[in-house]
Every structure is written in structure tokens, then in C-alpha cells.
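Asker: For reference, the file model26.txt (compact mmCIF, C-alpha atoms) is included below:
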```
# COMPACT_ATOMS: atom_id res chain seq x y z
CA MET R 1 0.00 0.00 0.00
CA GLY R 2 1.28 3.46 -0.96
CA VAL R 3 0.40 6.99 0.12
CA THR R 4 -3.30 7.72 -0.32
CA CYS R 5 -5.26 10.96 -0.42
CA VAL R 6 -9.08 10.99 -0.16
CA CYS R 7 -10.98 14.19 -0.95
CA GLN R 8 -14.42 15.51 -1.79
CA VAL R 9 -15.07 16.88 -5.27
CA PRO R 10 -17.80 19.51 -5.61
CA VAL R 11 -20.69 18.85 -7.98
CA ALA R 12 -20.17 20.81 -11.20
CA GLU R 13 -22.43 23.83 -11.60
CA GLY R 14 -25.63 22.91 -13.39
CA LYS R 15 -24.77 19.19 -13.26
CA SER R 16 -25.99 16.25 -11.18
CA VAL R 17 -23.78 14.00 -9.07
CA GLN R 18 -23.73 11.32 -11.79
CA GLN R 19 -22.97 13.82 -14.55
CA THR R 20 -20.03 15.18 -12.52
CA VAL R 21 -18.74 11.63 -11.97
CA ASP R 22 -18.98 10.99 -15.72
CA ILE R 23 -16.95 14.16 -16.38
CA LEU R 24 -14.22 12.93 -14.02
CA HIS R 25 -14.17 9.53 -15.75
CA LYS R 26 -13.77 11.22 -19.12
CA LYS R 27 -10.88 13.40 -17.88
CA LEU R 28 -9.07 10.35 -16.50
CA GLU R 29 -9.55 8.40 -19.72
CA GLN R 30 -8.27 11.35 -21.74
CA LEU R 31 -5.11 11.30 -19.60
CA GLY R 32 -4.67 7.64 -20.49
CA ALA R 33 -5.92 6.03 -17.28
CA VAL R 34 -7.27 2.50 -17.68
CA LYS R 35 -10.40 1.33 -15.87
CA GLN R 36 -9.77 -1.67 -13.61
CA GLY R 37 -13.11 -2.65 -12.13
CA SER R 38 -14.96 -1.13 -9.21
CA PHE R 39 -14.56 -0.50 -5.48
CA CYS R 40 -16.66 -0.05 -2.36
CA VAL R 41 -16.04 1.49 1.06
CA ASP R 42 -18.76 1.40 3.73
CA CYS R 43 -19.22 2.57 7.30
CA GLU R 44 -21.62 1.45 10.04
CA THR R 45 -22.06 3.58 13.17
CA TYR R 46 -22.59 2.12 16.65
CA HIS R 47 -23.63 3.84 19.88
CA ALA R 48 -22.39 2.55 23.24
CA THR R 49 -25.42 1.59 25.34
CA GLY R 50 -23.93 2.82 28.61
CA ASN R 51 -21.50 5.50 29.70
CA VAL R 52 -18.78 5.63 32.28
CA SER R 53 -18.70 8.20 35.10
CA GLY R 54 -21.40 10.24 33.42
CA GLN R 55 -19.17 10.94 30.41
CA PRO R 56 -20.84 10.96 26.95
CA SER R 57 -20.21 7.70 25.16
CA LYS R 58 -18.00 7.60 22.08
CA LEU R 59 -19.27 6.44 18.72
CA LEU R 60 -17.73 3.34 17.16
CA TYR R 61 -17.34 3.19 13.38
CA VAL R 62 -16.91 -0.18 11.65
CA MET R 63 -15.63 0.18 8.10
CA HIS R 64 -14.95 -2.12 5.14
CA ASN R 65 -12.90 -1.60 1.99
CA SER R 66 -13.11 -3.85 -1.08
CA GLU R 67 -9.33 -3.46 -1.45
CA THR R 68 -8.92 -5.49 1.78
CA PRO R 69 -11.90 -7.91 1.66
CA LEU R 70 -10.67 -10.12 4.52
CA SER R 71 -10.32 -7.26 6.99
CA CYS R 72 -12.39 -4.51 8.54
CA LEU R 73 -11.45 -1.46 10.56
CA ALA R 74 -12.96 -0.31 13.83
CA LEU R 75 -12.41 3.31 14.82
CA PHE R 76 -13.54 4.85 18.08
CA GLU R 77 -14.49 8.51 17.84
CA GLY R 78 -11.26 10.34 18.67
CA GLY R 79 -9.31 7.04 18.73
CA PRO R 80 -8.08 4.37 19.17
CA SER R 81 -8.52 2.13 16.10
CA LEU R 82 -7.92 -1.50 15.25
CA ILE R 83 -7.71 -3.73 12.20
CA ALA R 84 -9.66 -6.97 12.53
CA ASP R 85 -10.73 -9.83 10.30
CA ALA R 86 -14.12 -9.91 8.59
CA ASN R 87 -15.70 -11.85 11.48
CA PHE R 88 -15.63 -8.66 13.54
CA ASP R 89 -19.13 -7.94 12.20
CA VAL R 90 -20.35 -11.13 13.85
CA LEU R 91 -18.73 -10.02 17.10
CA MET R 92 -20.60 -6.70 16.95
CA VAL R 93 -23.90 -8.60 16.74
CA LYS R 94 -22.95 -10.52 19.88
CA LEU R 95 -22.05 -7.26 21.62
CA LYS R 96 -25.44 -5.68 20.95
CA SER R 97 -26.02 -5.30 24.69
CA HIS R 98 -23.04 -2.90 24.67
CA PHE R 99 -23.17 -1.36 21.18
CA GLN R 100 -26.33 -0.53 19.26
CA ASN R 101 -26.27 -0.08 15.50
CA ALA R 102 -27.40 3.43 14.55
CA LYS R 103 -30.06 2.48 12.02
CA GLY R 104 -30.18 4.62 8.90
CA HIS R 105 -26.63 5.90 9.40
CA LYS R 106 -24.83 3.47 7.08
CA VAL R 107 -22.76 5.29 4.48
CA GLU R 108 -21.43 3.70 1.29
CA CYS R 109 -19.03 4.88 -1.37
CA ARG R 110 -19.09 2.98 -4.67
CA GLY R 111 -17.49 3.72 -7.99
CA SER R 112 -14.86 2.96 -10.60
CA ARG R 113 -11.21 2.14 -10.14
CA TYR R 114 -8.56 3.40 -12.59
CA ARG R 115 -4.83 2.81 -13.03
CA TYR R 116 -2.47 5.43 -14.44
CA TYR R 117 1.14 4.25 -14.30
CA ASP R 118 2.09 4.36 -10.59
CA PHE R 119 -1.22 5.92 -9.53
CA LEU R 120 -4.43 4.17 -8.49
CA ILE R 121 -7.50 6.40 -8.75
CA LYS R 122 -11.00 5.71 -7.42
CA VAL R 123 -13.96 7.96 -8.20
CA GLY R 124 -16.97 7.19 -6.02
CA THR R 125 -20.48 8.33 -5.22
CA VAL R 126 -21.15 8.58 -1.48
CA THR R 127 -24.69 7.50 -0.59
CA MET R 128 -26.77 7.36 2.56
CA SER R 129 -30.30 5.94 2.63
CA SER R 130 -30.19 5.57 -1.18
CA SER R 131 -29.52 9.28 -1.58
CA ALA R 132 -26.26 10.58 -3.05
CA ARG R 133 -24.51 12.96 -0.68
CA GLY R 134 -21.38 13.74 -2.66
CA ILE R 135 -18.43 12.62 -4.73
CA SER R 136 -15.15 11.21 -3.45
CA VAL R 137 -11.82 10.83 -5.20
CA GLU R 138 -9.09 8.60 -3.80
CA VAL R 139 -5.59 8.80 -5.30
CA GLU R 140 -2.87 6.40 -4.23
CA TYR R 141 0.77 6.76 -5.25
CA CYS R 142 1.79 3.12 -5.02
CA PRO R 143 5.64 3.11 -5.00
CA CYS R 144 6.03 5.23 -1.84
CA VAL R 145 4.87 4.91 1.78
CA VAL R 146 6.27 8.17 3.19
CA PRO R 147 3.81 11.07 2.59
CA GLY R 148 6.42 13.83 2.70
CA ASP R 149 8.44 12.18 -0.08
CA CYS R 150 5.67 12.10 -2.67
CA TRP R 151 3.00 14.68 -1.79
CA ASN R 152 4.11 17.28 -4.35
CA LEU R 153 4.06 14.68 -7.13
CA THR R 154 0.65 13.39 -6.03
CA LYS R 155 -0.75 16.92 -5.84
CA GLU R 156 0.54 17.75 -9.32
CA PHE R 157 -1.11 14.62 -10.74
CA MET R 158 -4.42 15.38 -9.00
CA GLN R 159 -4.39 18.89 -10.47
CA SER R 160 -4.33 17.36 -13.96
CA PHE R 161 -7.94 16.18 -13.62
CA LEU R 162 -9.30 17.96 -10.51
CA GLY R 163 -8.02 21.48 -11.17
CA SER R 164 -8.55 23.76 -8.18
CA SER R 165 -10.36 21.03 -6.17
CA VAL R 166 -7.05 19.51 -5.05
CA PRO R 167 -6.87 19.46 -1.21
CA ASP R 168 -4.01 20.33 1.09
CA LEU R 169 -1.95 17.58 2.68
CA PRO R 170 -4.45 15.39 4.60
CA SER R 171 -4.40 16.04 8.35
CA VAL R 172 -3.58 12.38 9.09
CA PHE R 173 -0.23 12.94 7.36
CA ALA R 174 0.39 16.42 8.74
CA ALA R 175 0.18 14.91 12.22
CA LYS R 176 2.98 12.42 11.53
CA PRO R 177 6.32 13.29 13.19
CA GLU R 178 8.88 14.96 10.94
CA GLY R 179 12.28 13.40 10.48
CA LEU R 180 11.06 9.93 11.42
CA PHE R 181 10.06 7.01 9.22
CA ALA R 182 6.30 7.12 9.69
CA PRO R 183 4.80 5.20 6.75
CA SER R 184 1.24 5.56 5.54
CA ASP R 185 -1.14 2.66 6.19
CA CYS R 186 -4.75 1.58 5.67
CA ILE R 187 -5.84 3.31 8.89
CA ASP R 188 -4.77 6.64 7.37
CA THR R 189 -6.89 5.94 4.29
CA MET R 190 -9.99 4.88 6.21
CA THR R 191 -9.65 7.81 8.63
CA GLN R 192 -9.84 10.13 5.61
CA TYR R 193 -12.97 8.33 4.35
CA LEU R 194 -14.54 8.61 7.81
CA GLU R 195 -13.87 12.37 7.92
CA LEU R 196 -15.46 12.72 4.49
CA PHE R 197 -18.48 10.57 5.43
CA ASN R 198 -19.13 12.55 8.62
CA LYS R 199 -18.96 15.79 6.66
CA LEU R 200 -21.33 14.57 3.94
CA ARG R 201 -23.81 13.09 6.45
CA LYS R 202 -24.83 16.64 7.28
CA LEU R 203 -25.30 17.75 3.68
CA GLN R 204 -28.04 17.44 1.11
CA ILE R 205 -27.14 18.66 -2.33
CA PRO R 206 -29.21 19.42 -5.44
CA GLY R 207 -29.49 16.66 -8.04
CA SER R 208 -28.57 14.05 -5.47
CA ASN R 209 -31.07 11.27 -6.22
CA VAL R 210 -29.35 8.08 -7.26
CA ARG R 211 -30.31 6.87 -10.71
```
Please re-express this file's structure in C-alpha cells.
Answerer:
Amino acid sequence: MGVTCVCQVPVAEGKSVQQTVDILHKKLEQLGAVKQGSFCVDCETYHATGNVSGQPSKLLYVMHNSETPLSCLALFEGGPSLIADANFDVLMVKLKSHFQNAKGHKVECRGSRYRYYDFLIKVGTVTMSSSARGISVEVEYCPCVVPGDCWNLTKEFMQSFLGSSVPDLPSVFAAKPEGLFAPSDCIDTMTQYLELFNKLRKLQIPGSNVR
């Protein structure tokens, strides 16, 4: 796994979510990117049924990524996080006396996967309750695992098809200690997706019905 950036892309003026996604696909194909199937990232939210010492309980997010089908990721609000095997979902069912699934809060991101030389690009539509909430773009620079060594190159590539929508260095990387070997990992990627999902949960945009 390389260094990955996940960002939101605004819906083009006068266009729907799907039309904007189609525009991004066309730009990637014009660059020479080759489509390599599809991808899916999802997130279930759980509420703790009790609290400790009167403190508000943290939310627990259980996430899956089609890139790692045998694993899932569990992130507590504000940390910590853990990587578990796919049977973790079964464990959550058994822990229902401690964690309740927040019905109607499941978020999914589905879309197409492209390869352009050393870059892996995924353009997805983020949906909640069958309604599109926004567009995500994930770009992974595969040969490198140290964000500081490849961010400028990644940003330049993203500008070639995203223009001014390119984000700053993701906060998960900015928080890594300088001067130390602190490689990127799948937790960094899923943390970025979770930040995006939580942001889009609160939004409703025009032309958002899924077709």
C-alpha cells in the first residue's frame, strides 16, 4: 500500500452527481488512465449503550474496503482504532447489549477504479439511505509509503484532472512526526474516508437522487 489521499469533489455547476462523476471519468480516460473494475467502502455507526462516570459515550465506526476484503477497521471517535478480520461484524452482533447499530446511518461509497502508471485512482459516489450525498476521489501513489516524499508529485497529478479542487496535505499525514520514518497505512486511508463521510452526512445537495 502506498500513500493515499481521499478528498471531496464539488458537484459541477448545473450538473448532477452522476454527470459530474462521468466528467471525471472522461478526464481520467483522456489522460490515459485504464479502468480496472470497481470498489466499495462502507461505514456502520454504533452507539455505546452505557457510559462511564457520566461521560458521553464515544461512537464506534466499523468500516470495510473492497481493497482489503478479509479485513475490517474499527475506529472509536477520537481514537483508538484497530484492524480486525471480517468476522468482527459477527462479534458486533454478539455485543449488541453494549453497542447498538445506529439504524439509517450506514454510508457507502461505490465507484470505478482506474490505473495510471504508478497511480491508483477511485472515483466514487457517497450514498446514505439511497440518496447521493457527494463525490469522493481517492488517489494512491503506489511506489512510496512516506507522505512527505511524494505529496508534491501526487498533488501535481491530481491537479491534472481535478483542477482547483485539489486538497491540502491530509491532516492524518500532517500529524505524523517529521524526520522519522512514519509510513502511511490503511488506517490513514480509512480515517480520511470517515472524515469525508461525517462531513457529507450533514449535507443534502441538489441533483442528489441516485439513478
Asker: Near stretch 122-137 of chain R, counting only C-alpha atoms, which residues have an atom at most 9 Å away, once you skip same-chain residues fewer than 3 positions from it, shown as a ChimeraX atom specification?
Answerer: /R:5-11,17-18,20-21,24-25,38-40,104-115,140,193,196-197,200-205,207-210
Asker: From the list R:Tyr117, R:Glu77, R:Phe173, R:Ser66, which residue is nearest R:Asn198 when using all atoms listed in the file?
Answerer: R:Glu77
Asker: Report the distance between atom CA of R:Asn87 and atom CA of R:Leu60 in Å, rounded to one decimal place.
Answerer: 16.3 Å
Asker: Which of these, R:Lys15, R:Lys96, R:Lys26, R:Lys35, has the shortest distance to R:His47 once you count only C-alpha atoms?
Answerer: R:Lys96
Asker: Mind giving me the straight-line distance from atom CA of R:Gln192 to atom CA of R:Val172 in Å, one decimal?
Answerer: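 Answer for the atom CA of R:Gln192 to atom CA of R:Val172 separation: 7.5 Å.
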Asker: Which polymer residues have any atom within 7 Å of an atom of R:Tyr46, counting only C-alpha atoms, with same-chain residues fewer than 3 positions away left out, as a list in words?
Answerer: Leu59, Leu60, Tyr61, Phe99, Gln100, Asn101 and Ala102 of chain R
Asker: In Å to one decimal, how far is atom CA of R:Glu67 from atom CA of R:Cys150?
Answerer: 21.6 Å
Asker: Atoms are missing here; could stretch 121-141 of chain R be completed with N, CA, C and O atoms and written as a PDB file, in the coordinates of the input?
Answerer:
```
ATOM      1  N   ILE R 121      -6.496   5.357  -8.963  1.00  0.00           N
ATOM      2  CA  ILE R 121      -7.500   6.400  -8.750  1.00  0.00           C
ATOM      3  C   ILE R 121      -8.876   5.767  -8.619  1.00  0.00           C
ATOM      4  O   ILE R 121      -9.247   4.894  -9.399  1.00  0.00           O
ATOM      5  N   LYS R 122      -9.643   6.216  -7.629  1.00  0.00           N
ATOM      6  CA  LYS R 122     -11.000   5.710  -7.420  1.00  0.00           C
ATOM      7  C   LYS R 122     -11.960   6.897  -7.322  1.00  0.00           C
ATOM      8  O   LYS R 122     -11.770   7.769  -6.474  1.00  0.00           O
ATOM      9  N   VAL R 123     -12.950   6.909  -8.202  1.00  0.00           N
ATOM     10  CA  VAL R 123     -13.960   7.960  -8.200  1.00  0.00           C
ATOM     11  C   VAL R 123     -15.263   7.344  -7.715  1.00  0.00           C
ATOM     12  O   VAL R 123     -15.788   6.409  -8.343  1.00  0.00           O
ATOM     13  N   GLY R 124     -15.797   7.819  -6.601  1.00  0.00           N
ATOM     14  CA  GLY R 124     -16.970   7.190  -6.020  1.00  0.00           C
ATOM     15  C   GLY R 124     -18.101   8.146  -5.707  1.00  0.00           C
ATOM     16  O   GLY R 124     -17.893   9.349  -5.515  1.00  0.00           O
ATOM     17  N   THR R 125     -19.306   7.594  -5.661  1.00  0.00           N
ATOM     18  CA  THR R 125     -20.480   8.330  -5.220  1.00  0.00           C
ATOM     19  C   THR R 125     -20.797   7.900  -3.789  1.00  0.00           C
ATOM     20  O   THR R 125     -20.937   6.707  -3.514  1.00  0.00           O
ATOM     21  N   VAL R 126     -20.867   8.860  -2.888  1.00  0.00           N
ATOM     22  CA  VAL R 126     -21.150   8.580  -1.480  1.00  0.00           C
ATOM     23  C   VAL R 126     -22.664   8.644  -1.270  1.00  0.00           C
ATOM     24  O   VAL R 126     -23.293   9.655  -1.573  1.00  0.00           O
ATOM     25  N   THR R 127     -23.240   7.562  -0.783  1.00  0.00           N
ATOM     26  CA  THR R 127     -24.690   7.500  -0.590  1.00  0.00           C
ATOM     27  C   THR R 127     -25.042   7.161   0.852  1.00  0.00           C
ATOM     28  O   THR R 127     -24.307   6.472   1.551  1.00  0.00           O
ATOM     29  N   MET R 128     -26.202   7.662   1.247  1.00  0.00           N
ATOM     30  CA  MET R 128     -26.770   7.360   2.560  1.00  0.00           C
ATOM     31  C   MET R 128     -28.272   7.285   2.391  1.00  0.00           C
ATOM     32  O   MET R 128     -28.885   8.199   1.841  1.00  0.00           O
ATOM     33  N   SER R 129     -28.865   6.161   2.802  1.00  0.00           N
ATOM     34  CA  SER R 129     -30.300   5.940   2.630  1.00  0.00           C
ATOM     35  C   SER R 129     -30.719   6.122   1.173  1.00  0.00           C
ATOM     36  O   SER R 129     -31.716   6.777   0.864  1.00  0.00           O
ATOM     37  N   SER R 130     -29.922   5.552   0.268  1.00  0.00           N
ATOM     38  CA  SER R 130     -30.190   5.570  -1.180  1.00  0.00           C
ATOM     39  C   SER R 130     -30.146   6.961  -1.792  1.00  0.00           C
ATOM     40  O   SER R 130     -30.592   7.159  -2.922  1.00  0.00           O
ATOM     41  N   SER R 131     -29.630   7.918  -1.067  1.00  0.00           N
ATOM     42  CA  SER R 131     -29.520   9.280  -1.580  1.00  0.00           C
ATOM     43  C   SER R 131     -28.053   9.661  -1.690  1.00  0.00           C
ATOM     44  O   SER R 131     -27.279   9.482  -0.748  1.00  0.00           O
ATOM     45  N   ALA R 132     -27.653  10.174  -2.855  1.00  0.00           N
ATOM     46  CA  ALA R 132     -26.260  10.580  -3.050  1.00  0.00           C
ATOM     47  C   ALA R 132     -25.969  11.843  -2.269  1.00  0.00           C
ATOM     48  O   ALA R 132     -26.705  12.826  -2.357  1.00  0.00           O
ATOM     49  N   ARG R 133     -24.893  11.815  -1.495  1.00  0.00           N
ATOM     50  CA  ARG R 133     -24.510  12.960  -0.680  1.00  0.00           C
ATOM     51  C   ARG R 133     -23.308  13.706  -1.237  1.00  0.00           C
ATOM     52  O   ARG R 133     -23.045  14.814  -0.824  1.00  0.00           O
ATOM     53  N   GLY R 134     -22.555  13.063  -2.121  1.00  0.00           N
ATOM     54  CA  GLY R 134     -21.380  13.740  -2.660  1.00  0.00           C
ATOM     55  C   GLY R 134     -20.505  12.808  -3.464  1.00  0.00           C
ATOM     56  O   GLY R 134     -20.842  11.642  -3.697  1.00  0.00           O
ATOM     57  N   ILE R 135     -19.363  13.340  -3.875  1.00  0.00           N
ATOM     58  CA  ILE R 135     -18.430  12.620  -4.730  1.00  0.00           C
ATOM     59  C   ILE R 135     -17.074  12.553  -4.029  1.00  0.00           C
ATOM     60  O   ILE R 135     -16.590  13.556  -3.504  1.00  0.00           O
ATOM     61  N   SER R 136     -16.483  11.378  -4.026  1.00  0.00           N
ATOM     62  CA  SER R 136     -15.150  11.210  -3.450  1.00  0.00           C
ATOM     63  C   SER R 136     -14.160  10.836  -4.539  1.00  0.00           C
ATOM     64  O   SER R 136     -14.514  10.189  -5.526  1.00  0.00           O
ATOM     65  N   VAL R 137     -12.925  11.269  -4.347  1.00  0.00           N
ATOM     66  CA  VAL R 137     -11.820  10.830  -5.200  1.00  0.00           C
ATOM     67  C   VAL R 137     -10.691  10.364  -4.295  1.00  0.00           C
ATOM     68  O   VAL R 137     -10.288  11.086  -3.380  1.00  0.00           O
ATOM     69  N   GLU R 138     -10.231   9.158  -4.524  1.00  0.00           N
ATOM     70  CA  GLU R 138      -9.090   8.600  -3.800  1.00  0.00           C
ATOM     71  C   GLU R 138      -7.943   8.423  -4.789  1.00  0.00           C
ATOM     72  O   GLU R 138      -8.127   7.833  -5.852  1.00  0.00           O
ATOM     73  N   VAL R 139      -6.782   8.953  -4.461  1.00  0.00           N
ATOM     74  CA  VAL R 139      -5.590   8.800  -5.300  1.00  0.00           C
ATOM     75  C   VAL R 139      -4.488   8.183  -4.458  1.00  0.00           C
ATOM     76  O   VAL R 139      -4.136   8.711  -3.403  1.00  0.00           O
ATOM     77  N   GLU R 140      -3.973   7.072  -4.922  1.00  0.00           N
ATOM     78  CA  GLU R 140      -2.870   6.400  -4.230  1.00  0.00           C
ATOM     79  C   GLU R 140      -1.634   6.389  -5.120  1.00  0.00           C
ATOM     80  O   GLU R 140      -1.691   5.973  -6.277  1.00  0.00           O
ATOM     81  N   TYR R 141      -0.513   6.871  -4.566  1.00  0.00           N
ATOM     82  CA  TYR R 141       0.770   6.760  -5.250  1.00  0.00           C
ATOM     83  C   TYR R 141       1.432   5.504  -4.706  1.00  0.00           C
ATOM     84  O   TYR R 141       1.888   5.460  -3.565  1.00  0.00           O
TER      85      TYR R 141
END
```
